[in-house]
file target-v7.txt (compact mmCIF, C-alpha atoms and all ligand atoms)
# COMPACT_ATOMS: atom_id res chain seq x y z
CA MET A 26 239.29 68.57 -72.79
CA LYS A 27 242.82 69.75 -73.52
CA LEU A 28 243.92 68.77 -77.01
CA GLN A 29 247.07 66.73 -77.48
CA PRO A 30 249.70 68.77 -79.36
CA GLU A 31 249.59 66.53 -82.45
CA VAL A 32 245.79 66.86 -82.68
CA LEU A 33 245.97 70.63 -82.35
CA ALA A 34 248.79 70.76 -84.95
CA ALA A 35 246.83 68.56 -87.34
CA ILE A 36 243.84 70.89 -87.22
CA ARG A 37 245.91 74.06 -87.30
CA ASP A 38 248.13 72.95 -90.20
CA HIS A 39 245.75 70.86 -92.31
CA ALA A 40 242.21 72.22 -91.89
CA VAL A 41 241.11 74.45 -94.75
CA THR A 42 237.67 76.02 -94.42
CA ASP A 43 235.27 77.34 -97.00
CA GLY A 44 231.95 78.50 -95.51
CA CYS A 45 230.35 75.48 -93.86
CA ARG A 46 232.93 73.04 -95.26
CA LEU A 47 236.22 71.96 -93.74
CA THR A 48 238.76 69.91 -95.67
CA LEU A 49 241.71 68.12 -94.07
CA THR A 50 244.56 68.57 -96.54
CA GLY A 51 247.96 66.91 -96.93
CA PRO A 52 248.98 63.29 -96.36
CA ARG A 53 246.39 60.92 -94.87
CA PHE A 54 246.47 60.87 -91.05
CA ASP A 55 246.97 57.55 -89.33
CA ASP A 56 243.68 56.10 -88.06
CA ARG A 57 244.17 57.04 -84.40
CA LEU A 58 245.09 60.63 -85.15
CA TYR A 59 242.20 60.96 -87.59
CA GLN A 60 239.78 59.61 -84.99
CA ARG A 61 240.91 62.16 -82.42
CA VAL A 62 240.76 65.02 -84.93
CA ASN A 63 237.28 63.87 -85.97
CA ASP A 64 236.14 63.80 -82.30
CA VAL A 65 237.20 67.43 -81.92
CA LEU A 66 235.53 68.52 -85.15
CA GLU A 67 232.32 66.72 -84.14
CA ALA A 68 232.34 68.40 -80.73
CA VAL A 69 232.19 71.79 -82.43
CA GLY A 70 229.55 70.75 -84.93
CA GLY A 71 231.39 69.10 -87.83
CA ARG A 72 230.01 65.99 -89.52
CA TRP A 73 232.06 63.90 -91.94
CA ASP A 74 230.41 63.79 -95.35
CA LYS A 75 231.72 60.71 -97.10
CA HIS A 76 230.57 61.74 -100.56
CA ALA A 77 231.99 65.24 -100.46
CA GLY A 78 235.10 64.12 -98.54
CA VAL A 79 234.78 67.10 -96.17
CA HIS A 80 233.38 67.92 -92.74
CA ILE A 81 230.15 69.92 -93.00
CA PHE A 82 229.27 72.38 -90.21
CA PRO A 83 225.83 73.83 -89.44
CA ALA A 84 227.34 77.33 -89.73
CA ASP A 85 230.72 78.86 -90.58
CA ALA A 86 233.39 76.18 -90.08
CA ALA A 87 236.20 78.68 -89.44
CA ALA A 88 234.17 80.30 -86.64
CA ALA A 89 233.45 76.88 -85.15
CA ILE A 90 237.10 75.83 -84.92
CA ALA A 91 238.50 79.28 -84.02
CA PRO A 92 238.01 78.85 -80.23
CA VAL A 93 239.66 75.43 -80.38
CA LEU A 94 242.71 76.82 -82.18
CA ALA A 95 242.88 79.81 -79.85
CA THR A 96 242.65 77.86 -76.58
CA GLY A 97 243.83 74.34 -77.40
CA HIS A 98 240.69 73.11 -75.59
CA VAL A 99 237.39 71.71 -76.71
CA VAL A 100 234.31 70.99 -74.61
CA THR A 101 232.91 67.66 -75.72
CA LEU A 102 229.18 66.97 -75.61
CA ARG A 103 229.77 64.58 -72.73
CA GLU A 104 231.68 67.22 -70.77
CA LYS A 105 228.91 69.76 -71.35
CA ARG A 106 226.40 67.36 -69.88
CA GLN A 107 228.72 66.61 -66.97
CA GLN A 108 229.11 70.32 -66.29
CA ALA A 109 225.31 70.33 -66.02
CA GLN A 110 224.93 73.18 -68.49
CA PHE A 111 222.53 71.27 -70.67
CA PHE A 112 219.23 69.84 -69.49
CA PRO A 113 217.23 68.32 -72.33
CA THR A 114 213.52 68.44 -71.63
CA PRO A 115 212.24 64.98 -70.61
CA PRO A 116 209.35 63.59 -72.75
CA PRO A 117 206.55 64.06 -70.15
CA VAL A 118 207.46 67.74 -69.79
CA VAL A 119 207.67 68.16 -73.57
CA GLU A 120 204.19 66.67 -73.96
CA ARG A 121 202.81 69.03 -71.32
CA LEU A 122 204.46 72.02 -73.06
CA LEU A 123 202.85 71.07 -76.36
CA ASP A 124 199.45 70.57 -74.73
CA LEU A 125 199.68 73.98 -73.07
CA ALA A 126 200.65 75.40 -76.47
CA ASP A 127 197.50 73.84 -77.95
CA LEU A 128 199.65 72.88 -80.90
CA ALA A 129 197.82 71.93 -84.09
CA PRO A 130 199.15 70.43 -87.35
CA GLY A 131 200.49 73.00 -89.80
CA MET A 132 201.24 75.66 -87.19
CA THR A 133 204.56 77.50 -87.43
CA VAL A 134 206.64 77.19 -84.27
CA LEU A 135 209.90 78.73 -83.07
CA GLU A 136 212.21 76.75 -80.73
CA PRO A 137 214.82 79.42 -79.89
CA SER A 138 217.24 77.39 -77.69
CA ALA A 139 216.75 74.05 -79.33
CA GLY A 140 219.68 72.06 -77.89
CA SER A 141 219.77 68.61 -79.40
CA GLY A 142 216.10 68.73 -80.33
CA ALA A 143 213.98 67.21 -77.55
CA ILE A 144 211.21 69.78 -78.04
CA ALA A 145 211.72 70.34 -81.78
CA THR A 146 211.40 66.61 -82.52
CA ALA A 147 208.08 66.42 -80.67
CA ILE A 148 206.78 69.53 -82.45
CA ALA A 149 207.60 67.97 -85.84
CA ALA A 150 205.96 64.71 -84.72
CA ARG A 151 202.72 66.67 -84.26
CA ASP A 152 202.98 67.80 -87.90
CA ALA A 153 203.80 71.41 -87.08
CA VAL A 154 206.59 73.34 -88.82
CA VAL A 155 209.49 74.16 -86.53
CA ASP A 156 212.30 76.70 -86.94
CA CYS A 157 215.19 76.27 -84.51
CA VAL A 158 217.89 78.51 -83.09
CA GLU A 159 220.77 77.05 -81.09
CA GLN A 160 223.95 78.78 -80.02
CA ASP A 161 226.12 75.71 -79.56
CA PRO A 162 227.39 74.28 -82.87
CA GLY A 163 227.79 70.80 -81.33
CA TYR A 164 224.13 70.56 -80.32
CA ALA A 165 223.10 72.25 -83.57
CA ALA A 166 224.90 69.56 -85.58
CA HIS A 167 223.07 66.88 -83.62
CA LEU A 168 219.81 68.66 -84.35
CA ALA A 169 220.70 68.93 -88.04
CA ASP A 170 221.24 65.15 -88.11
CA LEU A 171 217.64 64.69 -86.91
CA ALA A 172 216.32 66.67 -89.89
CA VAL A 173 213.21 67.82 -88.04
CA ALA A 174 213.66 71.60 -88.35
CA ARG A 175 212.58 73.65 -91.37
CA THR A 176 215.42 76.05 -90.59
CA LEU A 177 218.26 75.90 -88.09
CA THR A 178 220.09 79.08 -87.14
CA VAL A 179 223.32 78.70 -85.19
CA ALA A 180 223.39 81.94 -83.21
CA ASP A 181 222.87 83.66 -79.89
CA PHE A 182 219.09 83.93 -79.95
CA LEU A 183 219.19 87.26 -78.11
CA THR A 184 220.88 88.76 -81.19
CA VAL A 185 218.36 87.36 -83.70
CA PRO A 186 216.17 90.24 -84.98
CA PRO A 187 212.48 89.69 -84.08
CA ARG A 188 209.96 88.80 -86.82
CA PRO A 189 206.38 88.46 -85.56
CA GLU A 190 205.52 85.46 -87.73
CA TYR A 191 205.02 82.43 -85.51
CA ASP A 192 201.84 80.79 -84.22
CA ARG A 193 203.73 79.37 -81.28
CA VAL A 194 207.02 79.61 -79.42
CA VAL A 195 207.89 76.56 -77.35
CA MET A 196 211.11 76.68 -75.38
CA ASN A 197 213.32 75.61 -72.50
CA PRO A 198 215.96 78.36 -72.44
CA PRO A 199 219.11 78.65 -70.30
CA PHE A 200 218.38 79.76 -66.71
CA THR A 201 221.68 81.21 -65.52
CA ARG A 202 221.37 84.63 -63.86
CA GLY A 203 217.84 85.22 -65.11
CA ALA A 204 218.66 84.34 -68.73
CA ASP A 205 215.31 82.55 -68.99
CA MET A 206 213.45 85.83 -68.46
CA ALA A 207 215.57 87.63 -71.10
CA HIS A 208 215.04 84.79 -73.59
CA VAL A 209 211.26 84.63 -73.03
CA GLU A 210 210.88 88.41 -73.32
CA HIS A 211 212.81 88.37 -76.61
CA ALA A 212 210.90 85.33 -77.89
CA LEU A 213 207.54 87.07 -77.33
CA ARG A 214 208.51 89.44 -80.15
CA PHE A 215 208.39 86.55 -82.62
CA LEU A 216 204.69 85.78 -82.08
CA LYS A 217 201.83 86.68 -84.41
CA PRO A 218 199.15 88.77 -82.65
CA ASP A 219 197.11 85.62 -81.95
CA GLY A 220 200.19 83.57 -81.05
CA ARG A 221 201.15 81.91 -77.79
CA LEU A 222 204.44 81.19 -76.03
CA VAL A 223 205.05 78.32 -73.62
CA SER A 224 208.33 78.00 -71.75
CA VAL A 225 209.98 75.95 -69.07
CA MET A 226 211.41 78.48 -66.61
CA SER A 227 213.28 78.46 -63.33
CA TRP A 228 211.15 78.31 -60.18
CA ALA A 229 212.80 81.65 -59.32
CA VAL A 230 210.26 83.48 -61.49
CA ALA A 231 207.48 82.25 -59.21
CA GLU A 232 209.13 84.02 -56.25
CA PRO A 233 208.47 87.76 -55.92
CA SER A 234 211.77 89.62 -55.87
CA ARG A 235 213.36 92.72 -57.37
CA ALA A 236 214.91 90.56 -60.10
CA THR A 237 211.59 89.01 -61.12
CA ALA A 238 209.18 91.92 -60.56
CA ARG A 239 209.21 93.24 -64.13
CA PHE A 240 208.84 89.81 -65.67
CA ARG A 241 206.02 88.79 -63.30
CA ALA A 242 204.18 92.01 -64.13
CA LEU A 243 204.57 91.29 -67.85
CA VAL A 244 203.13 87.76 -67.51
CA GLY A 245 200.20 89.11 -65.49
CA ALA A 246 199.52 91.94 -67.94
CA ARG A 247 199.48 89.51 -70.88
CA GLY A 248 196.94 87.22 -69.20
CA GLY A 249 199.55 84.47 -68.78
CA THR A 250 199.29 81.34 -66.66
CA VAL A 251 201.89 79.47 -64.66
CA GLU A 252 202.02 75.92 -63.32
CA ALA A 253 204.63 74.04 -61.38
CA THR A 254 206.24 71.00 -62.98
CA PRO A 255 206.12 67.85 -60.82
CA ARG A 256 209.00 67.58 -58.34
CA ARG A 257 212.10 66.00 -59.90
CA ALA A 258 210.60 66.39 -63.37
CA PHE A 259 214.14 66.92 -64.76
CA ALA A 260 215.82 64.16 -62.75
CA ALA A 261 216.33 62.11 -65.92
CA SER A 262 218.32 65.04 -67.36
CA GLY A 263 220.56 65.23 -64.32
CA THR A 264 219.08 68.09 -62.31
CA ASP A 265 216.75 68.44 -59.34
CA MET A 266 216.06 72.08 -60.14
CA ASP A 267 212.44 73.09 -59.64
CA THR A 268 210.79 74.59 -62.66
CA VAL A 269 207.51 76.12 -63.80
CA LEU A 270 205.75 76.10 -67.14
CA VAL A 271 204.78 79.60 -68.19
CA THR A 272 202.18 80.26 -70.92
CA ILE A 273 201.95 83.78 -72.36
CA PRO A 274 199.54 84.86 -75.11
CA ALA A 275 200.78 87.49 -77.57
CA THR A 276 197.59 89.48 -76.94
CA PRO A 277 195.83 89.39 -73.57
CA PRO A 278 192.53 87.48 -73.88
CA ALA A 279 189.45 89.54 -72.99
CA ASP A 280 188.42 86.99 -70.35
CA ALA A 281 191.86 86.55 -68.75
CA ALA A 282 191.67 85.67 -65.07
CA PRO A 283 194.14 87.29 -62.64
CA ILE A 284 197.34 85.29 -62.58
CA GLU A 285 197.93 82.82 -59.74
CA TRP A 286 201.58 82.04 -59.12
CA PRO A 287 202.27 78.54 -57.76
CA VAL A 288 203.57 78.25 -54.20
CA ARG A 289 205.81 75.54 -52.89
CA GLU A 290 203.99 73.04 -50.74
CA GLN A 291 207.19 71.85 -49.11
CA PRO A 292 210.68 73.24 -49.04
CA ALA A 293 212.39 72.41 -52.32
CA VAL A 294 215.78 71.98 -50.72
CA ASP A 295 216.54 69.94 -47.64
CA GLU A 296 216.94 71.69 -44.35
CA LEU A 297 220.73 71.46 -44.52
CA ALA A 298 220.57 74.28 -47.04
CA TYR A 299 219.06 76.48 -44.31
CA ARG A 300 221.68 75.80 -41.65
CA ASP A 301 223.03 78.71 -39.69
CA PRO A 302 225.82 80.23 -41.86
CA ALA A 303 227.93 80.85 -38.71
CA GLU A 304 227.78 77.14 -37.92
CA ILE A 305 228.85 76.26 -41.48
CA LEU A 306 231.70 78.78 -41.26
CA ASP A 307 232.89 77.19 -38.00
CA GLU A 308 232.93 73.79 -39.67
CA ILE A 309 234.92 75.10 -42.61
CA ARG A 310 237.44 76.66 -40.21
CA ALA A 311 237.76 73.41 -38.27
CA ASP A 312 238.34 71.48 -41.51
CA LEU A 313 241.01 73.97 -42.62
CA HIS A 314 242.77 73.68 -39.26
CA ALA A 315 242.73 69.89 -39.52
CA ALA A 316 244.13 70.08 -43.08
CA LEU A 317 246.89 72.47 -41.96
CA ALA A 318 247.79 70.16 -39.09
CA GLU A 319 248.18 67.32 -41.57
CA PHE A 320 250.39 69.45 -43.82
CA ASP A 321 252.54 70.36 -40.79
CA ALA A 322 252.91 66.70 -39.87
CA LEU A 323 253.87 65.86 -43.43
CA ALA A 324 256.39 68.73 -43.60
CA GLU A 325 257.93 67.50 -40.33
CA LEU A 326 258.17 64.00 -41.74
CA LEU A 327 259.85 65.18 -44.94
CA ALA A 328 262.35 67.23 -42.93
CA LYS A 329 263.68 63.98 -41.38
CA PRO A 330 265.39 62.18 -44.32
CA ALA A 331 266.31 59.10 -42.21
CA ALA A 332 262.70 58.39 -41.45
CA VAL A 333 261.70 58.11 -45.11
CA THR A 334 264.71 56.24 -46.54
CA ARG A 335 263.43 53.46 -48.81
CA ARG A 336 264.63 49.92 -48.18
CA PRO A 337 264.48 46.96 -50.57
CA THR A 338 261.04 45.94 -51.69
CA SER A 339 258.86 44.18 -49.17
CA ARG A 340 257.34 41.50 -51.45
CA ARG A 341 259.85 38.72 -50.69
CA SER A 342 260.24 39.34 -46.96
CA PRO A 343 257.09 40.25 -45.13
CA ARG A 344 258.91 40.45 -41.81
CA ARG A 345 261.47 42.92 -43.12
CA ALA A 346 258.78 44.82 -44.88
CA LYS A 347 257.00 45.27 -41.59
CA SER A 348 260.08 46.52 -39.85
CA ASN A 349 260.90 48.87 -42.75
CA CYS A 350 257.52 50.42 -42.89
CA CYS A 351 258.00 54.15 -42.48
CA SER A 352 255.05 54.73 -40.30
CA THR A 353 255.61 57.78 -38.25
CA ALA A 354 253.27 60.71 -38.73
CA SER A 355 251.39 59.34 -41.73
CA THR A 356 250.01 56.28 -39.96
CA LYS A 357 249.41 57.80 -36.55
CA PRO A 358 245.76 58.13 -35.77
CA ARG A 359 244.86 61.69 -36.59
CA ASP A 360 243.64 64.07 -33.99
CA ARG A 361 240.04 64.61 -35.03
CA THR A 362 239.28 67.11 -32.28
CA PRO A 363 237.96 70.21 -34.02
CA ALA A 364 240.39 73.08 -33.73
CA PRO A 365 239.23 76.08 -31.75
CA THR A 366 237.44 78.58 -33.89
CA HIS A 367 238.12 82.29 -34.04
CA THR A 368 235.71 84.93 -35.02
C1 LIG A 401 218.16 73.79 -71.04
S1 LIG A 401 218.84 73.47 -72.62
C2 LIG A 401 217.36 73.01 -73.46
C3 LIG A 401 217.57 72.42 -74.80
C4 LIG A 401 216.26 72.09 -75.55
N1 LIG A 401 215.45 73.29 -75.68
C5 LIG A 401 215.48 71.03 -74.83
O1 LIG A 401 214.47 71.37 -74.27
O2 LIG A 401 215.91 69.89 -74.79
C6 LIG A 401 219.15 75.13 -73.14
C7 LIG A 401 219.78 75.24 -74.52
O3 LIG A 401 219.92 76.61 -74.83
C8 LIG A 401 221.13 76.80 -75.54
N2 LIG A 401 221.49 78.21 -75.41
C9 LIG A 401 222.09 78.81 -74.34
N3 LIG A 401 222.23 80.12 -74.59
C10 LIG A 401 221.70 80.35 -75.83
C11 LIG A 401 221.55 81.51 -76.63
N4 LIG A 401 221.97 82.71 -76.17
N5 LIG A 401 220.99 81.40 -77.84
C12 LIG A 401 220.56 80.19 -78.28
N6 LIG A 401 220.68 79.06 -77.57
C13 LIG A 401 221.25 79.13 -76.36
C14 LIG A 401 222.07 75.83 -74.88
O4 LIG A 401 223.17 75.53 -75.73
C15 LIG A 401 221.17 74.63 -74.66
O5 LIG A 401 221.17 73.80 -75.77
call {"tool": "encode", "arguments": {"input": "target-v7.txt", "output": "structure tokens", "more": "lines below"}}
Ligand SMILES: C[S@@+](CC[C@H](N)C(=O)[O-])C[C@H]1O[C@@H](n2cnc3c(N)ncnc32)[C@H](O)[C@@H]1O
result
Amino acid sequence: MKLQPEVLAAIRDHAVTDGCRLTLTGPRFDDRLYQRVNDVLEAVGGRWDKHAGVHIFPADAAAAIAPVLATGHVVTLREKRQQAQFFPTPPPVVERLLDLADLAPGMTVLEPSAGSGAIATAIAARDAVVDCVEQDPGYAAHLADLAVARTLTVADFLTVPPRPEYDRVVMNPPFTRGADMAHVEHALRFLKPDGRLVSVMSWAVAEPSRATARFRALVGARGGTVEATPRRAFAASGTDMDTVLVTIPATPPADAAPIEWPVREQPAVDELAYRDPAEILDEIRADLHAALAEFDALAELLAKPAAVTRRPTSRRSPRRAKSNCCSTASTKPRDRTPAPTHT
């Protein structure tokens, strides 16, 4: 969302930061302006603390507002969801993750990409102790409001130095360009020798490829197991992406069976996705030709001033309105014949 100039100016000129605290100085804003400033501060993790009279951030307030001041834009939580970059784990999948983790009360657990706390909340509900890492200050603030985490670190998890001190890691990391594999490999370094990691991962890791070979070998060597989530398991979170649940022990069990990777029983995407690319290209060309033809017709119309001269409004005289209607190229039925294609 692009900030209105007065909102940007209010933050730039009146926000004073001190560690996690941000104070709005100067004369009181009118209610509407304050509301819009508050929305921006909340989107980057700020929460109004009535008693202290400041906004409190989960990490450094200056760092949280710096991108807003630099770009004049803020991505609201709603926009993030709309851009489909955030898929909270639905409750049935969370329960399955915790069962696979064999979570017991009192265990220490790391949730290294905790989002707004779908997994962390369930871990705490099973009386385990959960430490969270989340890169996005907006989600982190939401998580802080829930007060379920023992600690909450607002950081890029891949830069957090490993400490092998957790009984369990339970996670649903980002998937983009194999990020899930990088996150899981890093998270394994946080397990005690008898620990166990369970992660939601992209279906891509179940497919043998150059990109997944090293990771698949690691899971096999550790005595890991993999199961497919039910189809459309993440539909409630706004994605049809197929996923697997991967369980990896810190130390390979002596009796580990060879790993069996799940296979798709039916194609995960409809057959349109497998159409001949040449056919799709032809269709795109035909559409472009049709669009160009419409532009040409419009340009021709605009080049004839007489044809577009406006006459008095049509409301009072339907008959005149009809006769005045400038209906040349724009109302002609369009030629829908696909244009010839060239290769
Ligand atoms: C698929 S969401 C899952 C959120 C949460 N784990 C859940 O299951 O509901 C992935 C989360 O990872 C966060 N994330 C992405 N990159 C990260 C990174 N490098 N370090 C920490 N968190 C990250 C995103 O902001 C998002 O909240």
call {"tool": "atom_distance", "arguments": {"input": "target-v7.txt", "atom1": "atom C12 of ligand LIG 401 (chain A)", "atom2": "CA of Pro277 (chain A)"}}
result
26.8 Å
call {"tool": "closest_residue", "arguments": {"input": "target-v7.txt", "among": "A:Leu323, A:Val69, A:Ile144, A:Val251", "to": "ligand LIG 401 (chain A)", "atoms": "all atoms listed in the file"}}
result
A:Ile144
call {"tool": "closest_residue", "arguments": {"input": "target-v7.txt", "among": "A:Asp161, A:Asp205, A:Asp265, A:Asp307", "to": "ligand LIG 401 (chain A)", "atoms": "all atoms listed in the file"}}
result
A:Asp161
call {"tool": "axis_aligned_box", "arguments": {"input": "target-v7.txt", "around": "region 272-290 of chain A", "padding_each_side": "4 Å", "output": "JSON"}}
result
{"center_x": 197.1, "center_y": 81.3, "center_z": -64.2, "size_x": 25.4, "size_y": 24.5, "size_z": 34.8}
call {"tool": "residues_around", "arguments": {"input": "target-v7.txt", "residues": "Leu94 (chain A)", "least_positions_apart": "2", "cutoff": "12 Å", "atoms": "only C-alpha atoms", "output": "ChimeraX atom specification"}}
result
/A:27-30,32-38,40,65-66,69,87-92,96-99
call {"tool": "residues_around", "arguments": {"input": "target-v7.txt", "residues": "Ser262 (chain A)", "least_positions_apart": "5", "cutoff": "7 Å", "atoms": "all atoms listed in the file", "output": "VMD selection string"}}
result
chain A and resid 112 to 113 115
call {"tool": "closest_atom_pairs", "arguments": {"input": "target-v7.txt", "of": "chain A", "to": "ligand LIG 401 (chain A)", "cutoff": "8 Å", "atoms": "all atoms listed in the file", "output": "tab-separated table"}}
result
residue	atom	partner	partner_atom	distance
A:Gln110	CA	A:LIG401	C1	7.3
A:Phe111	CA	A:LIG401	S1	4.7
A:Phe112	CA	A:LIG401	C1	4.4
A:Pro113	CA	A:LIG401	O2	3.2
A:Thr114	CA	A:LIG401	O1	4.1
A:Pro115	CA	A:LIG401	O2	7.4
A:Val119	CA	A:LIG401	O1	7.6
A:Glu136	CA	A:LIG401	N1	6.9
A:Pro137	CA	A:LIG401	C12	6.0
A:Ser138	CA	A:LIG401	N6	3.8
A:Ala139	CA	A:LIG401	N1	3.9
A:Gly140	CA	A:LIG401	O5	3.1
A:Ser141	CA	A:LIG401	O2	6.1
A:Gly142	CA	A:LIG401	O2	5.7
A:Ala143	CA	A:LIG401	O2	4.3
A:Ile144	CA	A:LIG401	O1	5.2
A:Ala145	CA	A:LIG401	N1	7.7
A:Val158	CA	A:LIG401	C12	5.8
A:Glu159	CA	A:LIG401	N6	4.1
A:Gln160	CA	A:LIG401	C12	4.1
A:Asp161	CA	A:LIG401	O4	4.8
A:Tyr164	CA	A:LIG401	O5	6.3
A:Val179	CA	A:LIG401	C12	7.6
A:Ala180	CA	A:LIG401	N5	5.9
A:Asp181	CA	A:LIG401	N5	3.6
A:Phe182	CA	A:LIG401	N5	3.8
A:Leu183	CA	A:LIG401	N4	5.7
A:Thr184	CA	A:LIG401	N4	7.9
A:Met196	CA	A:LIG401	N1	5.5
A:Asn197	CA	A:LIG401	N1	4.5
A:Pro198	CA	A:LIG401	C6	4.6
A:Pro199	CA	A:LIG401	C6	4.5
A:Phe200	CA	A:LIG401	C1	7.4
A:His208	CA	A:LIG401	N4	7.7
call {"tool": "atom_distance", "arguments": {"input": "target-v7.txt", "atom1": "CA of Gly51 (chain A)", "atom2": "CA of Glu31 (chain A)"}}
result
14.6 Å
call {"tool": "closest_residue", "arguments": {"input": "target-v7.txt", "among": "A:Ala231, A:Ala126, A:Ala150, A:Ile309", "to": "Val288 (chain A)", "atoms": "only C-alpha atoms"}}
result
A:Ala231
call {"tool": "residues_around", "arguments": {"input": "target-v7.txt", "residues": "Val244 (chain A)", "least_positions_apart": "6", "cutoff": "10 Å", "atoms": "all atoms listed in the file", "output": "list in words"}}
result
Glu210, Thr250, Val251, Val271, Thr272, Ile273, Pro274, Pro277 and Ile284 of chain A
call {"tool": "atom_distance", "arguments": {"input": "target-v7.txt", "atom1": "CA of Gly70 (chain A)", "atom2": "CA of Thr178 (chain A)"}}
result
12.8 Å
call {"tool": "closest_residue", "arguments": {"input": "target-v7.txt", "among": "A:Pro162, A:Val195, A:Val185, A:Gly71", "to": "Leu128 (chain A)", "atoms": "all atoms listed in the file"}}
result
A:Val195
call {"tool": "residues_around", "arguments": {"input": "target-v7.txt", "residues": "Phe215 (chain A)", "least_positions_apart": "2", "cutoff": "12 Å", "atoms": "only C-alpha atoms", "output": "MDAnalysis selection string"}}
result
chainID A and resid 133:137 156 182:183 185:195 208:213 217:222 274:275
call {"tool": "write_last_selection", "arguments": {"input": "target-v7.txt", "atoms": "C-alpha atoms", "output": "mmCIF file, in the coordinates of the input"}}
result
data_model
loop_
_atom_site.group_PDB
_atom_site.id
_atom_site.type_symbol
_atom_site.label_atom_id
_atom_site.label_comp_id
_atom_site.auth_asym_id
_atom_site.auth_seq_id
_atom_site.Cartn_x
_atom_site.Cartn_y
_atom_site.Cartn_z
ATOM 1 C CA THR A 133 204.560 77.500 -87.430
ATOM 2 C CA VAL A 134 206.640 77.190 -84.270
ATOM 3 C CA LEU A 135 209.900 78.730 -83.070
ATOM 4 C CA GLU A 136 212.210 76.750 -80.730
ATOM 5 C CA PRO A 137 214.820 79.420 -79.890
ATOM 6 C CA ASP A 156 212.300 76.700 -86.940
ATOM 7 C CA PHE A 182 219.090 83.930 -79.950
ATOM 8 C CA LEU A 183 219.190 87.260 -78.110
ATOM 9 C CA VAL A 185 218.360 87.360 -83.700
ATOM 10 C CA PRO A 186 216.170 90.240 -84.980
ATOM 11 C CA PRO A 187 212.480 89.690 -84.080
ATOM 12 C CA ARG A 188 209.960 88.800 -86.820
ATOM 13 C CA PRO A 189 206.380 88.460 -85.560
ATOM 14 C CA GLU A 190 205.520 85.460 -87.730
ATOM 15 C CA TYR A 191 205.020 82.430 -85.510
ATOM 16 C CA ASP A 192 201.840 80.790 -84.220
ATOM 17 C CA ARG A 193 203.730 79.370 -81.280
ATOM 18 C CA VAL A 194 207.020 79.610 -79.420
ATOM 19 C CA VAL A 195 207.890 76.560 -77.350
ATOM 20 C CA HIS A 208 215.040 84.790 -73.590
ATOM 21 C CA VAL A 209 211.260 84.630 -73.030
ATOM 22 C CA GLU A 210 210.880 88.410 -73.320
ATOM 23 C CA HIS A 211 212.810 88.370 -76.610
ATOM 24 C CA ALA A 212 210.900 85.330 -77.890
ATOM 25 C CA LEU A 213 207.540 87.070 -77.330
ATOM 26 C CA LYS A 217 201.830 86.680 -84.410
ATOM 27 C CA PRO A 218 199.150 88.770 -82.650
ATOM 28 C CA ASP A 219 197.110 85.620 -81.950
ATOM 29 C CA GLY A 220 200.190 83.570 -81.050
ATOM 30 C CA ARG A 221 201.150 81.910 -77.790
ATOM 31 C CA LEU A 222 204.440 81.190 -76.030
ATOM 32 C CA PRO A 274 199.540 84.860 -75.110
ATOM 33 C CA ALA A 275 200.780 87.490 -77.570
#
call {"tool": "closest_residue", "arguments": {"input": "target-v7.txt", "among": "A:Trp286, A:Leu125, A:Met226, A:Ile305", "to": "Asp267 (chain A)", "atoms": "all atoms listed in the file"}}
result
A:Met226
call {"tool": "closest_residue", "arguments": {"input": "target-v7.txt", "among": "A:Val62, A:Ala246, A:Ile148, A:Ala204", "to": "Pro116 (chain A)", "atoms": "all atoms listed in the file"}}
result
A:Ile148
call {"tool": "residues_around", "arguments": {"input": "target-v7.txt", "residues": "Ala282 (chain A)", "least_positions_apart": "2", "cutoff": "10 Å", "atoms": "all atoms listed in the file", "output": "list in words"}}
result
Gly245, Gly248, Gly249, Thr250, Pro278, Ala279, Asp280, Ile284 and Glu285 of chain A
call {"tool": "decode", "arguments": {"input": "target-v7.txt", "residues": "region 276-281 of chain A", "atoms": "N, CA, C and O atoms", "output": "JSON list (two decimals), in the first residue's frame"}}
result
[["chain", "number", "residue", "atom", "x", "y", "z"],
["A", 276, "THR", "N", 19.72, -38.11, 15.22],
["A", 276, "THR", "CA", 20.66, -39.23, 15.09],
["A", 276, "THR", "C", 19.90, -40.39, 14.45],
["A", 276, "THR", "O", 18.79, -40.71, 14.89],
["A", 277, "PRO", "N", 20.46, -41.01, 13.42],
["A", 277, "PRO", "CA", 19.72, -42.09, 12.77],
["A", 277, "PRO", "C", 19.43, -43.23, 13.74],
["A", 277, "PRO", "O", 20.35, -43.69, 14.43],
["A", 278, "PRO", "N", 18.18, -43.68, 13.85],
["A", 278, "PRO", "CA", 17.89, -44.81, 14.73],
["A", 278, "PRO", "C", 18.53, -46.09, 14.18],
["A", 278, "PRO", "O", 18.65, -46.24, 12.95],
["A", 279, "ALA", "N", 18.94, -46.98, 15.10],
["A", 279, "ALA", "CA", 19.63, -48.21, 14.66],
["A", 279, "ALA", "C", 18.73, -49.04, 13.76],
["A", 279, "ALA", "O", 19.20, -49.70, 12.83],
["A", 280, "ASP", "N", 17.40, -48.99, 14.01],
["A", 280, "ASP", "CA", 16.49, -49.85, 13.25],
["A", 280, "ASP", "C", 15.78, -49.11, 12.11],
["A", 280, "ASP", "O", 14.69, -49.50, 11.69],
["A", 281, "ALA", "N", 16.40, -48.02, 11.63],
["A", 281, "ALA", "CA", 15.72, -47.22, 10.60],
["A", 281, "ALA", "C", 15.49, -48.03, 9.33],
["A", 281, "ALA", "O", 16.41, -48.68, 8.83]]
